[in-house]
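Enquirer: Handing over target15.txt, compact mmCIF, C-alpha atoms.
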```
# COMPACT_ATOMS: atom_id res chain seq x y z
CA MET H 30 191.33 183.59 115.92
CA ASP H 31 188.43 184.58 118.20
CA PHE H 32 186.14 181.60 117.71
CA LEU H 33 183.52 182.93 120.11
CA ALA H 34 183.23 186.12 118.06
CA LEU H 35 182.88 183.91 114.99
CA ALA H 36 180.05 182.02 116.71
CA THR H 37 178.28 185.30 117.44
CA LYS H 38 178.73 186.57 113.90
CA TYR H 39 177.21 183.47 112.29
CA LEU H 40 174.48 182.83 114.86
CA VAL H 41 171.17 182.14 113.10
CA PRO H 42 168.74 184.63 114.68
CA ASP H 43 165.61 182.66 113.74
CA LEU H 44 166.65 179.89 116.14
CA GLN H 45 166.00 181.13 119.67
CA GLY H 46 164.96 179.37 122.86
CA LYS H 47 164.69 175.65 123.52
CA TYR H 48 161.55 174.75 121.55
CA ILE H 49 163.09 173.95 118.17
CA HIS H 50 161.00 171.76 115.88
CA LEU H 51 160.57 170.92 112.21
CA ASP H 52 158.40 173.93 111.32
CA ILE H 53 161.21 176.17 112.53
CA ILE H 54 164.17 174.50 110.81
CA ALA H 55 162.50 173.66 107.46
CA PRO H 56 162.49 177.29 106.20
CA LEU H 57 166.12 177.65 107.26
CA MET H 58 167.08 174.63 105.18
CA ASP H 59 165.40 176.25 102.21
CA SER H 60 167.54 179.35 102.78
CA PHE H 61 170.70 177.21 102.53
CA ALA H 62 169.55 175.40 99.37
CA ASP H 63 171.84 177.42 97.10
CA HIS H 64 174.88 176.38 99.12
CA PHE H 65 174.34 172.75 100.17
CA GLU H 66 172.53 169.64 99.06
CA PHE H 67 169.33 169.18 101.07
CA LYS H 68 166.87 166.34 100.65
CA GLU H 69 164.27 164.36 102.53
CA VAL H 70 165.63 160.92 103.38
CA GLY H 71 162.84 159.39 105.44
CA LYS H 72 159.82 159.77 107.68
CA SER H 73 159.27 159.61 111.42
CA VAL H 74 156.66 157.46 113.17
CA LEU H 75 154.10 160.24 112.61
CA GLN H 76 155.26 160.68 109.01
CA LYS H 77 157.13 163.90 109.56
CA SER H 78 160.01 164.54 107.19
CA ILE H 79 163.60 163.78 108.18
CA TYR H 80 166.15 165.73 106.17
CA GLN H 81 169.76 165.26 105.22
CA VAL H 82 172.31 167.98 104.50
CA LYS H 83 175.43 167.23 102.47
CA ILE H 84 178.31 169.70 102.58
CA GLY H 85 181.79 169.66 101.07
CA SER H 86 183.71 167.34 98.80
CA GLY H 87 186.73 166.28 100.85
CA LYS H 88 188.22 162.86 101.43
CA THR H 89 187.36 162.55 105.13
CA LYS H 90 183.67 161.72 105.64
CA ILE H 91 181.83 162.72 108.81
CA LEU H 92 178.28 161.74 109.72
CA ILE H 93 176.60 164.22 112.09
CA TRP H 94 173.16 163.96 113.66
CA SER H 95 171.32 166.10 116.19
CA GLN H 96 168.12 166.02 118.23
CA MET H 97 167.68 162.26 118.36
CA HIS H 98 166.21 163.28 121.73
CA GLY H 99 163.46 165.70 120.78
CA ASN H 100 163.88 168.05 123.74
CA GLU H 101 167.65 168.45 123.20
CA SER H 102 167.81 171.36 120.80
CA THR H 103 170.98 173.28 121.73
CA THR H 104 173.22 171.30 119.40
CA THR H 105 170.70 171.76 116.58
CA LYS H 106 171.05 175.52 117.00
CA GLY H 107 174.83 175.25 117.07
CA LEU H 108 174.78 173.01 114.01
CA PHE H 109 172.74 175.55 112.02
CA ASP H 110 175.12 178.30 113.09
CA PHE H 111 177.89 176.08 111.70
CA PHE H 112 175.94 175.65 108.44
CA ASN H 113 175.64 179.43 108.26
CA PHE H 114 179.40 179.79 108.69
CA LEU H 115 180.04 177.26 105.93
CA THR H 116 178.05 179.41 103.47
CA SER H 117 180.73 182.07 103.85
CA ASP H 118 183.65 182.48 101.51
CA THR H 119 186.19 182.62 104.31
CA GLU H 120 189.45 180.71 104.05
CA LEU H 121 188.58 178.45 106.99
CA ALA H 122 185.09 177.61 105.70
CA ASN H 123 186.46 176.80 102.25
CA GLN H 124 189.22 174.68 103.79
CA ILE H 125 186.68 172.61 105.73
CA LYS H 126 184.56 172.09 102.63
CA ALA H 127 187.61 171.08 100.60
CA ASN H 128 188.96 168.62 103.18
CA TYR H 129 185.75 167.04 104.44
CA THR H 130 182.45 165.67 103.24
CA LEU H 131 179.80 166.22 105.91
CA LEU H 132 176.52 164.33 105.94
CA CYS H 133 174.20 165.82 108.55
CA ILE H 134 170.78 164.87 109.87
CA PRO H 135 169.89 168.01 111.84
CA MET H 136 166.73 166.60 113.46
CA LEU H 137 166.52 162.82 113.70
CA ASN H 138 163.45 162.84 115.96
CA PRO H 139 160.97 165.43 114.62
CA ASP H 140 158.04 163.87 116.51
CA GLY H 141 159.84 164.22 119.82
CA ALA H 142 160.85 167.76 118.89
CA PHE H 143 157.20 168.79 118.37
CA ALA H 144 156.10 167.05 121.58
CA TYR H 145 159.19 168.31 123.43
CA THR H 146 159.98 164.83 124.71
CA ARG H 147 163.14 162.78 124.85
CA GLU H 148 161.51 159.78 123.16
CA ASN H 149 159.98 159.37 119.71
CA ALA H 150 156.23 159.05 119.09
CA ASN H 151 156.32 155.37 120.15
CA GLY H 152 157.85 156.30 123.49
CA ILE H 153 161.22 154.79 122.54
CA ASP H 154 164.57 156.37 123.39
CA LEU H 155 166.30 156.27 120.01
CA ASN H 156 169.67 156.31 121.74
CA ARG H 157 168.90 152.86 123.17
CA ASP H 158 167.68 151.37 119.88
CA ALA H 159 170.97 150.93 118.01
CA VAL H 160 171.02 147.12 118.15
CA ALA H 161 167.30 146.29 118.13
CA GLU H 162 166.65 148.90 115.42
CA THR H 163 162.90 148.86 116.07
CA GLN H 164 162.14 152.47 115.13
CA PRO H 165 162.05 154.08 111.67
CA GLU H 166 164.30 156.95 112.80
CA MET H 167 167.04 154.57 113.96
CA GLN H 168 166.61 152.43 110.85
CA LEU H 169 167.20 155.58 108.79
CA LEU H 170 170.30 156.54 110.78
CA LYS H 171 171.83 153.09 110.45
CA ARG H 172 170.99 152.89 106.74
CA THR H 173 172.64 156.28 106.24
CA TYR H 174 175.69 155.10 108.18
CA GLU H 175 176.01 151.92 106.15
CA GLN H 176 175.65 153.71 102.81
CA PHE H 177 177.89 156.68 103.65
CA LYS H 178 180.62 154.68 105.43
CA PRO H 179 181.84 157.64 107.50
CA ASP H 180 185.34 158.02 108.86
CA TYR H 181 183.90 159.69 111.97
CA CYS H 182 180.49 160.13 113.62
CA TYR H 183 179.40 163.17 115.66
CA ASN H 184 176.49 162.40 118.01
CA LEU H 185 175.03 165.73 119.22
CA HIS H 186 173.06 165.97 122.48
CA ASP H 187 172.09 168.18 125.43
CA GLN H 188 172.72 167.38 129.08
CA ARG H 189 170.75 168.52 132.11
CA THR H 190 171.59 171.43 134.38
CA ILE H 191 172.48 168.99 137.17
CA PHE H 192 175.95 168.32 135.73
CA GLY H 193 179.10 170.03 136.92
CA THR H 194 182.78 169.18 136.59
CA VAL H 195 184.49 167.09 139.27
CA GLY H 196 186.81 169.20 141.41
CA PHE H 197 185.20 172.52 140.46
CA ASN H 198 181.93 174.17 141.45
CA SER H 199 181.34 175.03 137.78
CA PRO H 200 178.58 173.87 135.45
CA ALA H 201 179.55 171.45 132.69
CA THR H 202 178.74 173.80 129.82
CA ILE H 203 179.93 171.30 127.25
CA SER H 204 181.05 167.71 127.69
CA PHE H 205 182.51 165.09 125.38
CA LEU H 206 182.96 161.35 125.25
CA ALA H 207 184.87 158.93 123.10
CA PRO H 208 182.44 156.02 123.61
CA ALA H 209 183.71 152.62 124.66
CA PHE H 210 183.73 149.56 122.40
CA ASP H 211 183.69 146.96 125.20
CA ALA H 212 182.57 146.54 128.80
CA ALA H 213 186.14 147.01 130.04
CA CYS H 214 186.20 150.50 128.47
CA GLN H 215 189.58 149.88 126.83
CA TYR H 216 191.18 152.15 124.24
CA ASN H 217 191.89 150.79 120.77
CA SER H 218 192.97 152.68 117.65
CA THR H 219 189.34 153.54 116.79
CA ARG H 220 188.59 155.06 120.16
CA LEU H 221 191.93 156.89 120.24
CA LYS H 222 191.02 158.68 117.01
CA ALA H 223 187.90 160.01 118.73
CA VAL H 224 190.05 161.00 121.72
CA HIS H 225 192.31 162.99 119.38
CA VAL H 226 189.37 164.98 117.99
CA ILE H 227 188.08 165.71 121.49
CA VAL H 228 191.48 166.91 122.68
CA SER H 229 191.72 169.26 119.70
CA MET H 230 188.31 170.75 120.59
CA VAL H 231 189.12 171.09 124.29
CA ASP H 232 192.42 172.84 123.47
CA VAL H 233 190.39 175.60 121.82
CA LEU H 234 187.46 175.64 124.26
CA ASN H 235 189.64 175.93 127.35
CA SER H 236 190.26 179.58 126.47
CA TYR H 237 186.55 180.31 126.80
CA LEU H 238 185.32 177.79 129.37
CA PRO H 239 187.98 177.18 132.02
CA ASN H 240 186.82 174.37 134.34
CA GLN H 241 183.49 174.10 132.49
CA ILE H 242 184.33 171.27 130.09
CA GLY H 243 183.45 167.77 131.19
CA ARG H 244 184.13 164.17 130.23
CA PHE H 245 180.93 162.16 130.02
CA ASP H 246 180.54 158.77 131.70
CA ASP H 247 181.85 156.00 129.44
CA ALA H 248 179.91 153.06 130.90
CA TYR H 249 179.46 150.68 127.97
CA ASN H 250 176.04 149.95 126.48
CA VAL H 251 176.09 148.58 122.94
CA ASN H 252 172.44 149.64 122.54
CA CYS H 253 173.62 153.27 122.68
CA THR H 254 174.34 154.67 119.25
CA GLY H 255 177.84 155.94 119.97
CA ASP H 256 178.95 152.70 121.60
CA TYR H 257 177.46 150.70 118.74
CA PHE H 258 179.22 152.69 116.00
CA THR H 259 182.49 152.49 117.94
CA THR H 260 182.14 148.69 118.00
CA GLN H 261 181.76 148.94 114.20
CA GLN H 262 185.23 150.56 114.19
CA THR H 263 184.06 154.07 113.43
CA PRO H 264 185.46 156.76 115.76
CA THR H 265 182.45 158.46 117.33
CA ILE H 266 182.33 161.64 119.40
CA LEU H 267 179.51 162.41 121.80
CA PHE H 268 178.79 166.14 122.25
CA GLU H 269 176.74 167.16 125.31
CA ALA H 270 175.69 170.82 125.46
CA GLY H 271 175.08 171.87 129.05
CA HIS H 272 174.31 174.85 131.25
CA TYR H 273 175.99 178.23 131.02
CA PRO H 274 175.28 180.72 133.85
CA ASN H 275 171.93 182.54 133.46
CA ASP H 276 171.31 180.82 130.12
CA TYR H 277 168.37 178.48 130.60
CA HIS H 278 167.30 178.87 126.98
CA ARG H 279 170.81 177.79 125.92
CA ASP H 280 171.40 180.67 123.54
CA GLU H 281 174.92 181.09 124.91
CA SER H 282 175.69 177.37 125.16
CA ARG H 283 175.00 176.99 121.44
CA LYS H 284 177.99 179.21 120.73
CA PHE H 285 180.31 176.70 122.38
CA VAL H 286 178.80 173.92 120.28
CA PHE H 287 179.71 176.01 117.23
CA VAL H 288 183.23 176.58 118.54
CA ALA H 289 183.64 172.85 119.18
CA LEU H 290 182.47 171.95 115.68
CA VAL H 291 184.83 174.40 114.02
CA ALA H 292 187.72 173.33 116.26
CA SER H 293 187.17 169.69 115.38
CA PHE H 294 188.15 170.44 111.78
CA LEU H 295 191.29 172.46 112.47
CA LYS H 296 193.53 169.40 112.23
CA GLN H 297 193.61 166.56 109.77
CA ASN H 298 192.26 163.97 112.16
CA GLU H 299 192.23 160.85 110.06
CA ASN H 300 195.86 159.74 110.51
CA VAL H 301 197.32 161.79 113.36
CA VAL H 302 197.09 160.45 116.90
CA VAL H 303 199.52 162.09 119.32
CA ASP H 304 200.99 159.91 122.06
CA ASN H 305 199.85 162.15 124.91
CA ASP H 306 196.29 162.60 123.64
CA LEU H 307 194.92 159.95 125.97
CA THR H 308 196.65 161.53 128.97
CA LYS H 309 195.14 164.93 128.08
CA TYR H 310 191.72 163.36 127.51
CA LEU H 311 191.72 161.62 130.88
CA ARG H 312 192.61 164.92 132.55
CA ILE H 313 189.34 166.44 131.38
CA PRO H 314 187.26 166.51 134.60
CA GLN H 315 184.46 163.99 134.66
CA ASN H 316 180.84 165.05 134.70
CA ASN H 317 179.35 165.00 138.15
CA LYS H 318 175.72 165.33 139.26
CA CYS H 319 176.47 168.09 141.74
CA PHE H 320 174.12 170.95 140.77
CA PHE H 321 170.57 171.99 141.44
CA ASP H 322 168.95 174.95 139.74
CA ILE H 323 168.29 176.69 143.07
CA ILE H 324 169.50 175.96 146.61
CA TYR H 325 168.07 177.61 149.73
CA ARG H 326 170.37 177.38 152.74
CA ASN H 327 169.71 178.01 156.43
CA ILE H 328 165.92 177.86 156.34
CA LYS H 329 164.05 177.63 159.64
CA ILE H 330 161.15 175.17 159.69
CA ILE H 331 158.84 173.84 162.38
CA ASP H 332 158.59 170.05 162.43
CA ASN H 333 156.44 168.46 165.13
CA ASN H 334 156.62 171.70 167.09
CA VAL H 335 160.42 171.64 166.94
CA GLU H 336 162.40 174.37 165.18
CA LYS H 337 165.05 173.10 162.77
CA ILE H 338 167.48 174.68 160.31
CA ILE H 339 167.55 172.91 156.96
CA ASN H 340 168.62 173.35 153.35
CA PHE H 341 166.51 172.46 150.35
CA ALA H 342 166.75 172.60 146.56
CA ALA H 343 164.49 173.24 143.60
CA GLN H 344 164.79 172.05 140.05
CA TYR H 345 163.07 173.50 137.00
CA ARG H 346 160.51 171.45 135.09
CA GLU H 347 160.22 172.43 131.45
CA GLU H 348 156.80 172.85 129.82
CA VAL H 349 155.84 174.13 126.38
CA ILE H 350 153.26 176.89 126.72
CA ALA H 351 152.13 178.95 123.72
CA GLY H 352 155.05 177.74 121.63
CA LYS H 353 157.73 178.53 124.20
CA VAL H 354 159.46 176.51 126.89
CA GLU H 355 158.55 177.80 130.34
CA PHE H 356 160.35 176.83 133.54
CA ARG H 357 158.49 175.78 136.70
CA ALA H 358 160.56 175.49 139.87
CA VAL H 359 159.68 172.40 141.90
CA ILE H 360 161.10 171.39 145.29
CA SER H 361 163.29 168.38 144.55
CA LYS H 362 165.48 167.64 147.60
CA ILE H 363 165.49 168.49 151.29
CA SER H 364 168.69 168.49 153.37
CA ASP H 365 171.64 166.23 152.46
CA LEU H 366 172.98 168.91 150.11
CA GLU H 367 176.62 168.64 151.07
CA ASN H 368 178.88 168.77 148.03
CA HIS H 369 176.08 170.25 145.94
CA PHE H 370 175.85 173.69 144.38
CA GLY H 371 173.04 175.84 143.06
CA HIS H 372 173.10 177.77 139.84
CA VAL H 373 171.34 180.27 142.11
CA GLU H 374 171.82 180.12 145.90
CA TYR H 375 170.11 181.97 148.73
CA ASP H 376 171.32 182.24 152.32
CA CYS H 377 168.01 182.55 154.14
CA GLU H 378 169.61 183.50 157.47
CA SER H 379 167.44 181.28 159.68
CA MET H 380 164.20 182.93 158.55
CA LEU H 381 160.97 180.96 159.01
CA PHE H 382 159.53 179.09 156.03
CA SER H 383 155.83 179.17 155.17
CA SER H 384 153.95 177.92 152.10
CA ASN H 385 150.16 177.83 151.97
CA GLY H 386 150.03 177.45 155.73
CA LYS H 387 152.62 174.67 155.84
CA PRO H 388 155.75 175.33 157.97
CA TYR H 389 158.09 173.14 155.91
CA PRO H 390 158.82 172.44 152.22
CA ILE H 391 157.33 169.38 150.50
CA ILE H 392 158.96 167.45 147.67
CA GLU H 393 157.25 167.94 144.28
CA GLU H 394 155.45 171.12 145.32
CA GLU H 395 156.18 174.39 143.57
CA ALA H 396 158.91 176.53 145.09
CA THR H 397 156.61 179.43 145.96
CA PHE H 398 156.81 180.42 149.63
CA ASP H 399 157.39 183.17 152.20
CA LEU H 400 160.15 183.76 154.73
CA ASN H 401 159.17 185.44 158.01
CA ASN H 402 155.82 186.21 156.33
CA SER H 403 157.50 189.12 154.56
CA ILE H 404 160.03 187.96 151.97
CA LYS H 405 158.38 186.22 149.05
CA PHE H 406 159.69 183.66 146.59
CA ASN H 407 157.75 182.98 143.42
CA ASN H 408 158.57 180.14 141.04
CA GLY H 409 161.82 179.60 142.87
CA LEU H 410 163.17 183.14 142.83
CA LYS H 411 163.10 185.94 145.37
CA ILE H 412 160.72 188.73 144.52
CA ILE H 413 162.62 192.00 144.68
```
Now, as a test, write the supplied structure out as structure tokens.
Expert:
Amino acid sequence: MDFLALATKYLVPDLQGKYIHLDIIAPLMDSFADHFEFKEVGKSVLQKSIYQVKIGSGKTKILIWSQMHGNESTTTKGLFDFFNFLTSDTELANQIKANYTLLCIPMLNPDGAFAYTRENANGIDLNRDAVAETQPEMQLLKRTYEQFKPDYCYNLHDQRTIFGTVGFNSPATISFLAPAFDAACQYNSTRLKAVHVIVSMVDVLNSYLPNQIGRFDDAYNVNCTGDYFTTQQTPTILFEAGHYPNDYHRDESRKFVFVALVASFLKQNENVVVDNDLTKYLRIPQNNKCFFDIIYRNIKIIDNNVEKIINFAAQYREEVIAGKVEFRAVISKISDLENHFGHVEYDCESMLFSSNGKPYPIIEEEATFDLNNSIKFNNGLKII
């Protein structure tokens, strides 16, 4: 089966770009009302509605939530594409609905989604509030967990463009983690069940993303939601949607979230743990902070009347302007770029740097400059 073609077929066209908030997803939930059970289950700090979607009638229960970080919308798009697929009368969709009961919260942090911030309206990272449970959004998630008693949890996130896969100069387009249950990061039967699900997803995704699938850092923090639920003996899988080449709005990355979700249901996961699953899981390359958005190599500068050849990098800052996320390239690192890669790279061939009369780049300034007073770069990119 061509899962990527399936992802394209069921892509929800009304979800485009990175600025996905409640006003955008609410009408889509209405369009699915004839197929699934939708209801409001709580309110955010600013009294915005938080919705729950219930799908299927199977024995195995899975709790799924997305956008607990408001500016991490890729998995929300992939989740709605998955909802769209489950409205179909295909054999696979019907099989999933017969074998599983899915309880989904597609936007846990609607305030953060509107503001396009990681935190909620109180400035709290919900993914560090699992134990203290100070925020209404986390209280809702934990109440849902306790009432539903899931067999598995899927914790859906985005990761930054800085991540690549160790050993490859490839972006980590999607990464997974079976969160730890203790500071020693040991593997018990609960964690191994999560490992099994991840291996089943990676087996499918490898056909589409060779060397672009990562294993997220498993440093233990019980305040993190995934770690907390794992300590409660519920297998939990962290999904991290990352960068795909030339896809800053993540409209390609969402397709791999869809593929991962579908692949996670291809096997009956509740009782089957294969002996070599852990070996296969540990072979997934770890995430590595090895990328910048843009790297400029072999730039000539004048520093204290001395000519030097340097490298520097720029990273995009994301800002919502007129209802759309815009990207502003800002100089983020100068020299010391060994073992780093750029999603875009320029060999500047020892040409002389100039920006607003300054003969060298400055951290935190916009990456708009000239080379040899003739070749221009605007917002990070060469003007052709």
Enquirer: Please, what distance in Å, to one decimal, runs between atom CA of H:Ile338 and atom CA of H:Asn407?
Expert: 21.2 Å
Enquirer: Set the distance at 10 Å and use all atoms listed in the file: which residues neighbour H:Thr130 once local chain neighbours fewer than 4 positions away are removed? I'd like the list as a ChimeraX atom specification.
Expert: /H:83-92,125-126,179-180
Enquirer: Can you tell me how far atom CA of H:Pro208 sits from atom CA of H:Asn100, in Å to one decimal?
Expert: 22.1 Å
Enquirer: Padding 3 Å on every side, please: axis-aligned box over the listed atoms of stretch 242-253 of chain H, centre and edge lengths to one decimal in Å, as JSON.
Expert:
```
{"center_x": 178.4, "center_y": 159.9, "center_z": 127.1, "size_x": 17.9, "size_y": 28.7, "size_z": 15.2}
```
Enquirer: What is the distance between atom CA of H:Lys309 and atom CA of H:Glu281, in Å to one decimal?
Expert: 26.1 Å
Enquirer: Need to verify the contact set: stretch 38-53 of chain H, 8 Å, all atoms listed in the file, exclusion of same-chain residues closer than 3 positions in sequence. Can you return it as a list of chain:residue names?
Expert: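 Contacts, in chain order: H:Ala34, H:Leu35, H:Pro56, H:Leu57, H:Asn100, H:Glu101, H:Ser102, H:Thr103, H:Lys106, H:Gly107, H:Phe109, H:Asp110, H:Phe111, H:Asn113, H:Phe114, H:Met136, H:Pro139, H:Ala142, H:Phe143, H:Tyr145, H:His278, H:Arg279, H:Asp280, H:Lys284, H:Val349, H:Gly352, H:Lys353, H:Val354.
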Enquirer: Calculated over all atoms listed in the file, which of the candidates H:Arg326, H:His64, H:Arg189, H:Lys178 has the smallest distance to H:Glu269?
Expert: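 Ranked by minimum distance to H:Glu269, first place goes to H:Arg189.
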Enquirer: Just the residues within 10 Å of H:Phe370, please, counting all atoms listed in the file, with nothing from its chain fewer than 4 positions along; format it as an MDAnalysis selection string.
Expert: chainID H and resid 191 193 198:200 318:324 342 366 374
Enquirer: For H:Phe341, work out the shell of residues within 8 Å, counting only C-alpha atoms and skipping chain neighbours fewer than 5 positions away, then give it as a PyMOL selection string.
Expert: chain H and resi 324-326+360-364+366+390
Enquirer: For H:Ala62, which residue among H:Thr116, H:Glu166, H:Thr105, H:Ser78 is the nearest when counting all atoms listed in the file?
Expert: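 Residue with the minimum atom-to-atom distance to H:Ala62: H:Thr116.
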Enquirer: Need the shell around H:Val233: protein/DNA/RNA residues with any atom at most 12 Å away, counting all atoms listed in the file. Skip same-chain ones fewer than 4 positions apart. Format as a PyMOL selection string?
Expert: chain H and resi 30-33+226-229+237-239+242+285-296
Enquirer: Point out the residue among H:Thr265, H:Ser204, H:Thr146, H:Ser95 with the least atom-to-atom distance to H:Phe245, counting all atoms listed in the file.
Expert: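 Checking each candidate against H:Phe245, we get H:Ser204 as the closest.
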Enquirer: Nearest residue to H:Ala223 out of H:Ala207, H:Leu311, H:Val335, H:Leu170, using only C-alpha atoms?
Expert: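 Counting only C-alpha atoms, the residue closest to H:Ala223 is H:Ala207.
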Enquirer: Closest to H:Phe112 among H:Gly99, H:Gly386, H:Pro135, H:Gly255, using all atoms listed in the file?
Expert: H:Pro135
Enquirer: Return the single residue from H:Ala212, H:Ala343, H:Arg157, H:Leu169 that is closest to H:Glu69, with distances computed using all atoms listed in the file.
Expert: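 Nearest candidate to H:Glu69 out of H:Ala212, H:Ala343, H:Arg157, H:Leu169: H:Leu169.
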Enquirer: Which protein, DNA or RNA residues are at most 9 Å from (165.5, 182.2, 158.0) in the file's coordinates when you count only C-alpha atoms, listed as a PyMOL selection string?
Expert: chain H and resi 326-330+338+376-382+400-401
